[in-house]
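Raw work_0.cif, mmCIF, C-alpha atoms:
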data_entry
loop_
_atom_site.group_PDB
_atom_site.id
_atom_site.type_symbol
_atom_site.label_atom_id
_atom_site.label_comp_id
_atom_site.auth_asym_id
_atom_site.auth_seq_id
_atom_site.Cartn_x
_atom_site.Cartn_y
_atom_site.Cartn_z
ATOM 1 C CA MET A 1179 5.580 -4.512 -26.100
ATOM 2 C CA GLU A 1180 4.968 -0.781 -26.231
ATOM 3 C CA LYS A 1181 5.675 1.382 -23.229
ATOM 4 C CA VAL A 1182 2.886 3.212 -21.479
ATOM 5 C CA SER A 1183 1.902 6.110 -23.712
ATOM 6 C CA GLU A 1184 -1.035 7.603 -21.836
ATOM 7 C CA LYS A 1185 -0.461 10.078 -19.046
ATOM 8 C CA ILE A 1186 -2.069 9.804 -15.668
ATOM 9 C CA ALA A 1187 -4.942 12.260 -15.956
ATOM 10 C CA LYS A 1188 -7.869 13.284 -13.797
ATOM 11 C CA SER A 1189 -10.353 12.904 -16.653
ATOM 12 C CA GLU A 1190 -9.039 9.442 -17.498
ATOM 13 C CA ILE A 1191 -9.396 8.292 -13.883
ATOM 14 C CA LEU A 1192 -12.873 9.759 -13.464
ATOM 15 C CA LYS A 1193 -14.236 8.133 -16.626
ATOM 16 C CA HIS A 1194 -14.185 4.843 -14.714
ATOM 17 C CA PHE A 1195 -16.804 6.202 -12.295
ATOM 18 C CA ALA A 1196 -20.437 6.234 -13.406
ATOM 19 C CA GLU A 1197 -21.218 9.309 -11.310
ATOM 20 C CA ASN A 1198 -20.091 11.150 -8.210
ATOM 21 C CA GLY A 1199 -16.452 10.409 -8.839
ATOM 22 C CA PRO A 1200 -13.889 11.288 -6.183
ATOM 23 C CA ASP A 1201 -11.989 14.563 -5.826
ATOM 24 C CA VAL A 1202 -8.818 13.851 -7.856
ATOM 25 C CA THR A 1203 -5.599 15.845 -8.319
ATOM 26 C CA VAL A 1204 -2.851 14.576 -10.637
ATOM 27 C CA PHE A 1205 0.820 15.601 -10.750
ATOM 28 C CA ASP A 1206 3.379 14.879 -13.447
ATOM 29 C CA VAL A 1207 5.921 15.042 -10.639
ATOM 30 C CA THR A 1208 5.730 15.858 -6.931
ATOM 31 C CA ASP A 1209 7.900 15.315 -3.897
ATOM 32 C CA SER A 1210 5.499 12.869 -2.226
ATOM 33 C CA THR A 1211 1.760 12.371 -2.603
ATOM 34 C CA ASN A 1212 1.545 11.635 1.133
ATOM 35 C CA THR A 1213 3.356 14.882 1.941
ATOM 36 C CA ARG A 1214 1.017 16.788 -0.369
ATOM 37 C CA ALA A 1215 -2.027 15.126 1.224
ATOM 38 C CA ARG A 1216 -0.777 15.993 4.704
ATOM 39 C CA ASP A 1217 -0.315 19.640 3.665
ATOM 40 C CA LEU A 1218 -3.786 19.783 2.122
ATOM 41 C CA LEU A 1219 -5.395 18.374 5.260
ATOM 42 C CA LYS A 1220 -3.591 20.930 7.402
ATOM 43 C CA ASP A 1221 -4.796 23.653 5.018
ATOM 44 C CA GLY A 1222 -8.374 22.541 5.587
ATOM 45 C CA LYS A 1223 -9.128 20.402 2.541
ATOM 46 C CA GLN A 1224 -11.877 17.920 3.342
ATOM 47 C CA PRO A 1225 -11.510 14.187 2.593
ATOM 48 C CA PRO A 1226 -12.073 12.026 0.751
ATOM 49 C CA PHE A 1227 -9.688 13.052 -1.987
ATOM 50 C CA VAL A 1228 -7.155 11.332 -4.240
ATOM 51 C CA LEU A 1229 -3.685 12.440 -5.318
ATOM 52 C CA ALA A 1230 -1.774 10.600 -8.047
ATOM 53 C CA ALA A 1231 1.614 11.200 -9.655
ATOM 54 C CA ASP A 1232 3.740 9.837 -12.472
ATOM 55 C CA ARG A 1233 6.941 10.385 -10.477
ATOM 56 C CA GLN A 1234 8.049 11.394 -6.972
ATOM 57 C CA THR A 1235 11.275 13.107 -5.999
ATOM 58 C CA ALA A 1236 11.031 12.344 -2.277
ATOM 59 C CA GLY A 1237 8.857 9.259 -1.951
ATOM 60 C CA ARG A 1238 8.586 7.989 1.623
ATOM 61 C CA GLY A 1239 8.339 4.506 3.103
ATOM 62 C CA ARG A 1240 7.971 3.180 6.634
ATOM 63 C CA HIS A 1241 10.486 3.965 9.383
ATOM 64 C CA GLY A 1242 11.698 7.069 7.519
ATOM 65 C CA ASN A 1243 12.949 5.081 4.537
ATOM 66 C CA SER A 1244 12.828 6.556 1.057
ATOM 67 C CA PHE A 1245 10.694 4.964 -1.659
ATOM 68 C CA PHE A 1246 12.261 4.756 -5.130
ATOM 69 C CA SER A 1247 9.754 6.539 -7.389
ATOM 70 C CA PRO A 1248 10.874 6.795 -11.033
ATOM 71 C CA GLU A 1249 8.587 7.987 -13.799
ATOM 72 C CA ARG A 1250 5.829 5.770 -15.173
ATOM 73 C CA GLY A 1251 5.020 4.143 -11.884
ATOM 74 C CA LEU A 1252 1.830 4.915 -10.001
ATOM 75 C CA TYR A 1253 2.271 6.953 -6.821
ATOM 76 C CA TYR A 1254 -1.020 7.455 -5.091
ATOM 77 C CA THR A 1255 -2.628 8.732 -1.895
ATOM 78 C CA LEU A 1256 -6.211 8.572 -0.689
ATOM 79 C CA ALA A 1257 -7.230 10.734 2.278
ATOM 80 C CA VAL A 1258 -10.268 9.645 4.290
ATOM 81 C CA VAL A 1259 -11.969 10.418 7.595
ATOM 82 C CA PRO A 1260 -12.717 7.153 9.390
ATOM 83 C CA ARG A 1261 -15.793 6.544 11.509
ATOM 84 C CA ASP A 1262 -13.627 5.068 14.262
ATOM 85 C CA TYR A 1263 -10.001 6.178 14.518
ATOM 86 C CA GLN A 1264 -8.926 3.311 16.762
ATOM 87 C CA THR A 1265 -10.207 0.716 14.313
ATOM 88 C CA ALA A 1266 -8.761 2.662 11.397
ATOM 89 C CA LEU A 1267 -5.303 2.894 12.955
ATOM 90 C CA ALA A 1268 -5.280 -0.869 13.454
ATOM 91 C CA LYS A 1269 -6.755 -1.963 10.142
ATOM 92 C CA THR A 1270 -6.234 0.628 7.412
ATOM 93 C CA THR A 1271 -2.952 -0.891 6.252
ATOM 94 C CA ILE A 1272 -4.697 -4.271 5.975
ATOM 95 C CA ALA A 1273 -7.488 -2.652 3.965
ATOM 96 C CA ALA A 1274 -4.925 -0.970 1.718
ATOM 97 C CA ALA A 1275 -3.052 -4.215 1.049
ATOM 98 C CA VAL A 1276 -6.231 -6.102 0.169
ATOM 99 C CA SER A 1277 -7.474 -3.227 -1.999
ATOM 100 C CA LEU A 1278 -4.161 -3.074 -3.839
ATOM 101 C CA TYR A 1279 -4.113 -6.824 -4.400
ATOM 102 C CA GLU A 1280 -7.669 -6.715 -5.775
ATOM 103 C CA ALA A 1281 -7.051 -3.700 -7.999
ATOM 104 C CA ILE A 1282 -3.929 -5.179 -9.586
ATOM 105 C CA GLU A 1283 -5.652 -8.502 -10.151
ATOM 106 C CA ASN A 1284 -8.765 -6.866 -11.613
ATOM 107 C CA VAL A 1285 -6.942 -4.491 -13.961
ATOM 108 C CA ALA A 1286 -3.728 -6.346 -14.798
ATOM 109 C CA GLY A 1287 -4.716 -9.969 -14.223
ATOM 110 C CA ILE A 1288 -1.674 -10.386 -11.957
ATOM 111 C CA SER A 1289 -1.923 -12.101 -8.575
ATOM 112 C CA CYS A 1290 0.594 -10.710 -6.127
ATOM 113 C CA ARG A 1291 1.169 -11.818 -2.541
ATOM 114 C CA ILE A 1292 0.924 -9.655 0.562
ATOM 115 C CA LYS A 1293 4.024 -9.532 2.732
ATOM 116 C CA TRP A 1294 3.014 -8.555 6.244
ATOM 117 C CA VAL A 1295 2.527 -5.846 6.949
ATOM 118 C CA ASN A 1296 2.514 -3.407 4.047
ATOM 119 C CA ASP A 1297 4.184 -4.694 0.863
ATOM 120 C CA LEU A 1298 3.073 -6.555 -2.246
ATOM 121 C CA TYR A 1299 5.432 -9.090 -3.797
ATOM 122 C CA LEU A 1300 5.603 -10.781 -7.183
ATOM 123 C CA ASN A 1301 8.133 -13.549 -7.845
ATOM 124 C CA ASP A 1302 9.757 -12.836 -4.462
ATOM 125 C CA ARG A 1303 10.366 -9.189 -5.389
ATOM 126 C CA LYS A 1304 8.695 -6.158 -3.833
ATOM 127 C CA VAL A 1305 6.544 -4.446 -6.444
ATOM 128 C CA ALA A 1306 4.470 -2.122 -4.250
ATOM 129 C CA GLY A 1307 4.560 -0.510 -0.824
ATOM 130 C CA ILE A 1308 2.004 1.090 1.463
ATOM 131 C CA LEU A 1309 2.422 3.909 3.976
ATOM 132 C CA CYS A 1310 -0.584 4.886 6.098
ATOM 133 C CA GLU A 1311 -0.365 7.981 8.291
ATOM 134 C CA ALA A 1312 -2.686 9.837 10.655
ATOM 135 C CA PRO A 1313 -1.756 13.545 10.669
ATOM 136 C CA ARG A 1314 -3.042 15.831 13.385
ATOM 137 C CA ALA A 1315 -3.628 19.553 13.646
ATOM 138 C CA GLU A 1316 -1.463 21.676 15.947
ATOM 139 C CA ASP A 1317 -4.101 21.314 18.665
ATOM 140 C CA GLY A 1318 -3.891 17.512 18.423
ATOM 141 C CA ARG A 1319 -7.155 17.106 16.554
ATOM 142 C CA PRO A 1320 -7.045 14.192 14.040
ATOM 143 C CA LEU A 1321 -7.327 15.396 10.457
ATOM 144 C CA GLY A 1322 -7.877 12.057 8.747
ATOM 145 C CA ILE A 1323 -6.043 8.983 7.546
ATOM 146 C CA ILE A 1324 -3.815 9.149 4.479
ATOM 147 C CA ILE A 1325 -3.141 5.952 2.552
ATOM 148 C CA GLY A 1326 -0.036 6.178 0.395
ATOM 149 C CA ILE A 1327 0.718 3.522 -2.228
ATOM 150 C CA GLY A 1328 3.631 3.249 -4.636
ATOM 151 C CA ILE A 1329 3.585 0.681 -7.465
ATOM 152 C CA ASN A 1330 6.420 -0.275 -9.806
ATOM 153 C CA ILE A 1331 4.668 -0.771 -13.129
ATOM 154 C CA ALA A 1332 7.443 -1.607 -15.583
ATOM 155 C CA GLN A 1333 10.709 -0.596 -13.920
ATOM 156 C CA LYS A 1334 13.622 -2.843 -14.896
ATOM 157 C CA GLN A 1335 16.588 -1.098 -13.305
ATOM 158 C CA PHE A 1336 16.917 -0.237 -9.625
ATOM 159 C CA PRO A 1337 19.546 1.419 -7.422
ATOM 160 C CA PRO A 1338 22.253 -0.992 -6.191
ATOM 161 C CA GLU A 1339 20.748 -1.209 -2.705
ATOM 162 C CA LEU A 1340 17.471 -2.478 -4.198
ATOM 163 C CA GLU A 1341 18.899 -4.965 -6.701
ATOM 164 C CA GLY A 1342 17.642 -8.451 -5.947
ATOM 165 C CA LYS A 1343 14.911 -7.051 -3.696
ATOM 166 C CA ALA A 1344 12.724 -4.807 -5.848
ATOM 167 C CA GLY A 1345 10.746 -5.782 -8.913
ATOM 168 C CA SER A 1346 7.842 -4.571 -10.996
ATOM 169 C CA LEU A 1347 4.598 -5.780 -12.496
ATOM 170 C CA ASN A 1348 6.462 -5.780 -15.816
ATOM 171 C CA ARG A 1349 3.435 -4.356 -17.609
ATOM 172 C CA PRO A 1350 4.457 -1.304 -19.656
ATOM 173 C CA ASP A 1351 1.066 -1.481 -21.362
ATOM 174 C CA LEU A 1352 -0.896 -1.237 -18.120
ATOM 175 C CA ASP A 1353 -3.612 1.427 -17.961
ATOM 176 C CA ARG A 1354 -2.531 3.309 -14.845
ATOM 177 C CA ASN A 1355 -5.679 5.433 -14.857
ATOM 178 C CA ALA A 1356 -7.858 2.322 -14.705
ATOM 179 C CA LEU A 1357 -5.634 0.999 -11.918
ATOM 180 C CA ALA A 1358 -5.939 4.251 -9.929
ATOM 181 C CA ALA A 1359 -9.725 4.196 -10.361
ATOM 182 C CA GLN A 1360 -10.066 0.565 -9.324
ATOM 183 C CA LEU A 1361 -7.745 1.116 -6.370
ATOM 184 C CA THR A 1362 -9.894 4.042 -5.230
ATOM 185 C CA LYS A 1363 -13.081 2.002 -5.458
ATOM 186 C CA ARG A 1364 -11.662 -0.895 -3.478
ATOM 187 C CA LEU A 1365 -10.106 1.389 -0.846
ATOM 188 C CA LEU A 1366 -13.329 3.318 -0.312
ATOM 189 C CA TYR A 1367 -15.193 0.031 0.042
ATOM 190 C CA TRP A 1368 -12.816 -1.601 2.516
ATOM 191 C CA CYS A 1369 -12.284 1.593 4.529
ATOM 192 C CA ASP A 1370 -16.045 1.515 5.081
ATOM 193 C CA HIS A 1371 -15.947 -2.179 6.070
ATOM 194 C CA LEU A 1372 -12.960 -2.395 8.410
ATOM 195 C CA ASP A 1373 -14.873 -4.599 10.863
ATOM 196 C CA ASP A 1374 -15.906 -7.118 8.205
ATOM 197 C CA PRO A 1375 -14.238 -10.497 8.951
ATOM 198 C CA ALA A 1376 -13.880 -10.917 5.172
ATOM 199 C CA LEU A 1377 -11.163 -8.253 5.229
ATOM 200 C CA THR A 1378 -8.791 -10.204 7.470
ATOM 201 C CA ALA A 1379 -9.740 -13.405 5.638
ATOM 202 C CA ALA A 1380 -8.727 -11.885 2.294
ATOM 203 C CA TYR A 1381 -5.500 -10.534 3.779
ATOM 204 C CA LYS A 1382 -4.606 -14.004 5.085
ATOM 205 C CA ALA A 1383 -5.644 -15.769 1.883
ATOM 206 C CA HIS A 1384 -3.095 -13.802 -0.133
ATOM 207 C CA SER A 1385 -0.309 -13.818 2.461
ATOM 208 C CA LEU A 1386 3.254 -14.437 1.357
ATOM 209 C CA LEU A 1387 4.343 -15.516 4.843
ATOM 210 C CA LEU A 1388 1.726 -17.785 6.406
ATOM 211 C CA GLY A 1389 2.840 -21.359 6.844
ATOM 212 C CA ARG A 1390 6.443 -20.502 6.007
ATOM 213 C CA GLU A 1391 9.611 -20.154 8.073
ATOM 214 C CA VAL A 1392 10.376 -16.528 8.876
ATOM 215 C CA SER A 1393 12.853 -14.557 10.927
ATOM 216 C CA PHE A 1394 12.734 -11.241 12.753
ATOM 217 C CA VAL A 1395 14.787 -9.358 15.311
ATOM 218 C CA GLN A 1396 13.443 -8.733 18.807
ATOM 219 C CA ASN A 1397 15.508 -7.070 21.534
ATOM 220 C CA GLY A 1398 18.607 -7.512 19.415
ATOM 221 C CA ILE A 1399 18.086 -11.267 19.015
ATOM 222 C CA THR A 1400 17.164 -12.953 15.723
ATOM 223 C CA VAL A 1401 14.145 -15.219 16.151
ATOM 224 C CA THR A 1402 13.191 -17.903 13.634
ATOM 225 C CA GLY A 1403 9.811 -19.600 13.525
ATOM 226 C CA ILE A 1404 6.732 -20.440 11.485
ATOM 227 C CA ALA A 1405 4.314 -17.665 10.542
ATOM 228 C CA GLU A 1406 1.200 -19.281 11.958
ATOM 229 C CA ASP A 1407 -1.627 -16.788 11.666
ATOM 230 C CA ILE A 1408 -2.725 -13.153 11.372
ATOM 231 C CA ASN A 1409 -5.287 -12.111 13.973
ATOM 232 C CA GLU A 1410 -8.209 -9.705 13.654
ATOM 233 C CA ASP A 1411 -6.009 -6.803 14.775
ATOM 234 C CA GLY A 1412 -3.562 -7.504 11.963
ATOM 235 C CA ASN A 1413 -0.844 -8.901 14.239
ATOM 236 C CA LEU A 1414 1.402 -11.640 12.852
ATOM 237 C CA LEU A 1415 1.600 -14.747 15.049
ATOM 238 C CA VAL A 1416 4.920 -16.594 14.807
ATOM 239 C CA ARG A 1417 5.466 -19.949 16.512
ATOM 240 C CA SER A 1418 9.016 -20.486 17.765
ATOM 241 C CA ASP A 1419 10.161 -21.284 21.330
ATOM 242 C CA ARG A 1420 6.857 -19.603 22.187
ATOM 243 C CA LEU A 1421 4.125 -17.761 20.325
ATOM 244 C CA TYR A 1422 5.253 -14.277 19.295
ATOM 245 C CA VAL A 1423 2.598 -11.653 18.523
ATOM 246 C CA LEU A 1424 4.087 -9.011 16.238
ATOM 247 C CA ASN A 1425 2.353 -5.695 15.662
ATOM 248 C CA SER A 1426 5.167 -4.025 13.723
ATOM 249 C CA GLY A 1427 8.690 -4.560 12.479
ATOM 250 C CA GLU A 1428 10.416 -6.275 9.582
ATOM 251 C CA VAL A 1429 9.941 -9.993 8.930
ATOM 252 C CA SER A 1430 11.848 -11.986 6.301
ATOM 253 C CA LEU A 1431 11.423 -15.406 4.787
ATOM 254 C CA VAL A 1432 14.250 -17.670 5.895
ATOM 255 C CA SER A 1433 14.414 -19.003 2.318
ATOM 256 C CA TRP A 1434 15.617 -15.572 1.175
#
Can you present the structure in this file as structure tokens?
Amino acid sequence: MEKVSEKIAKSEILKHFAENGPDVTVFDVTDSTNTRARDLLKDGKQPPFVLAADRQTAGRGRHGNSFFSPERGLYYTLAVVPRDYQTALAKTTIAAAVSLYEAIENVAGISCRIKWVNDLYLNDRKVAGILCEAPRAEDGRPLGIIIGIGINIAQKQFPPELEGKAGSLNRPDLDRNALAAQLTKRLLYWCDHLDDPALTAAYKAHSLLLGREVSFVQNGITVTGIAEDINEDGNLLVRSDRLYVLNSGEVSLVSW
């Protein structure tokens, strides 16, 4: 199977839009598309806009973690201004996960699973991550929501600390421009429908965790239980000695 030959290109992304395509900027390499989006918002650039890169030198994940970003992946950020910041802060990561699932399925024909709260998995390996941020101006004024997504397209080798954990779509022939376009369409749709019950329903339908035994750490104690549900606010409900309602943190499958 041939490796990806086409470059990520603005014109190639925009050809998938009939008209009024989004504002798109493409980098061969950048430090982080989320960092660039944050800088652009602070400089006054108006959302919505899309940034995409072939490679990142300082990709960022949640909790200050780095995100491994070798060439020929898709590293992507969409900046938007939500109608309701409170709703957006609670549900944008859910919207991003559902949008990413749908885009990969539509373009690549691959059905991944969503690991609460912000990762996509294939064959029990993380193939994509999401980082949503809400930068503010110096006066505290909200500037927008930035939705960062990193996808391993065909990566086969990973740093030692990621071996056995990270994976890829294993599709070196995948049209990354079509994927970026489809991802943008789905994100713009779901970001405009954050209150739609179908969003949470789709998130739950593709969950990696629901109905399975999971573990997490709370107050220094490891808790094991069954992932029972995901509520409308995106919280994970785990049944153990009592019902735990998780709004953040790391959760693992006990089977791992």
Top pick for closest residue to Ala1266 of chain A, considering A:Leu1300, A:Ala1286, A:Ile1191, A:Cys1310 and counting only C-alpha atoms: A:Cys1310
Matched chain/residue IDs from the PyMOL selection byres ((chain A and resi 1237) around 12), as a VMD selection string: chain A and resid 1207 to 1214 1231 to 1236 1238 to 1240 1242 to 1249 1251 to 1255 1307 to 1309 1326 to 1329
Explicit residue set for the PyMOL selection byres ((chain A and resi 1348) around 6), as a PyMOL selection string: chain A and resi 1331-1332+1346-1347+1349
Ground truth for the PyMOL selection byres ((chain A and resi 1366) around 12), written as a PyMOL selection string: chain A and resi 1199-1200+1225-1228+1256-1260+1270+1273-1274+1276-1278+1325+1359-1365+1367-1372
Next, the residues of the selection above should be written as a JSON list (two decimals), in the frame of the given file with C-alpha atoms.
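Written output follows (part_17.json):
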[["chain", "number", "residue", "atom", "x", "y", "z"],
["A", 1199, "GLY", "CA", -16.45, 10.41, -8.84],
["A", 1200, "PRO", "CA", -13.89, 11.29, -6.18],
["A", 1225, "PRO", "CA", -11.51, 14.19, 2.59],
["A", 1226, "PRO", "CA", -12.07, 12.03, 0.75],
["A", 1227, "PHE", "CA", -9.69, 13.05, -1.99],
["A", 1228, "VAL", "CA", -7.16, 11.33, -4.24],
["A", 1256, "LEU", "CA", -6.21, 8.57, -0.69],
["A", 1257, "ALA", "CA", -7.23, 10.73, 2.28],
["A", 1258, "VAL", "CA", -10.27, 9.64, 4.29],
["A", 1259, "VAL", "CA", -11.97, 10.42, 7.60],
["A", 1260, "PRO", "CA", -12.72, 7.15, 9.39],
["A", 1270, "THR", "CA", -6.23, 0.63, 7.41],
["A", 1273, "ALA", "CA", -7.49, -2.65, 3.96],
["A", 1274, "ALA", "CA", -4.92, -0.97, 1.72],
["A", 1276, "VAL", "CA", -6.23, -6.10, 0.17],
["A", 1277, "SER", "CA", -7.47, -3.23, -2.00],
["A", 1278, "LEU", "CA", -4.16, -3.07, -3.84],
["A", 1325, "ILE", "CA", -3.14, 5.95, 2.55],
["A", 1359, "ALA", "CA", -9.72, 4.20, -10.36],
["A", 1360, "GLN", "CA", -10.07, 0.56, -9.32],
["A", 1361, "LEU", "CA", -7.74, 1.12, -6.37],
["A", 1362, "THR", "CA", -9.89, 4.04, -5.23],
["A", 1363, "LYS", "CA", -13.08, 2.00, -5.46],
["A", 1364, "ARG", "CA", -11.66, -0.90, -3.48],
["A", 1365, "LEU", "CA", -10.11, 1.39, -0.85],
["A", 1367, "TYR", "CA", -15.19, 0.03, 0.04],
["A", 1368, "TRP", "CA", -12.82, -1.60, 2.52],
["A", 1369, "CYS", "CA", -12.28, 1.59, 4.53],
["A", 1370, "ASP", "CA", -16.05, 1.52, 5.08],
["A", 1371, "HIS", "CA", -15.95, -2.18, 6.07],
["A", 1372, "LEU", "CA", -12.96, -2.40, 8.41]]
Local residues around (17.7, -4.8, -0.9), at most 12 Å away, using only C-alpha atoms, as an NGL selection string: :A and (1246 or 1302-1304 or 1336-1345 or 1430 or 1434)
Two-atom distance - atom CA of Ile1292 of chain A, atom CA of Ser1385 of chain A (Å): 4.7 Å
Nearest residue to Leu1387 of chain A from the set A:Phe1205, A:Tyr1299, A:Tyr1422, A:Tyr1263 (distances using all atoms listed in the file): A:Tyr1299
If I wrap all listed atoms of segment 1193-1201 of chain A in a box with edges along x, y and z and add 3 Å on each side, what are its centre and edge lengths in Å to one decimal, as JSON?
{"center_x": -16.6, "center_y": 9.7, "center_z": -11.2, "size_x": 15.2, "size_y": 15.7, "size_z": 16.8}
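Of the residues listed (A:Trp1294, A:Asn1355, A:Arg1314, A:Asn1330), A:Trp1294 shows the shortest atom-to-atom separation from Leu1431 of chain A; distances use only C-alpha atoms.
In this comparison, which uses all atoms listed in the file, the residue of A:Val1432, A:Glu1197, A:Val1204, A:Thr1402 approaching Asp1419 of chain A most closely is A:Thr1402.
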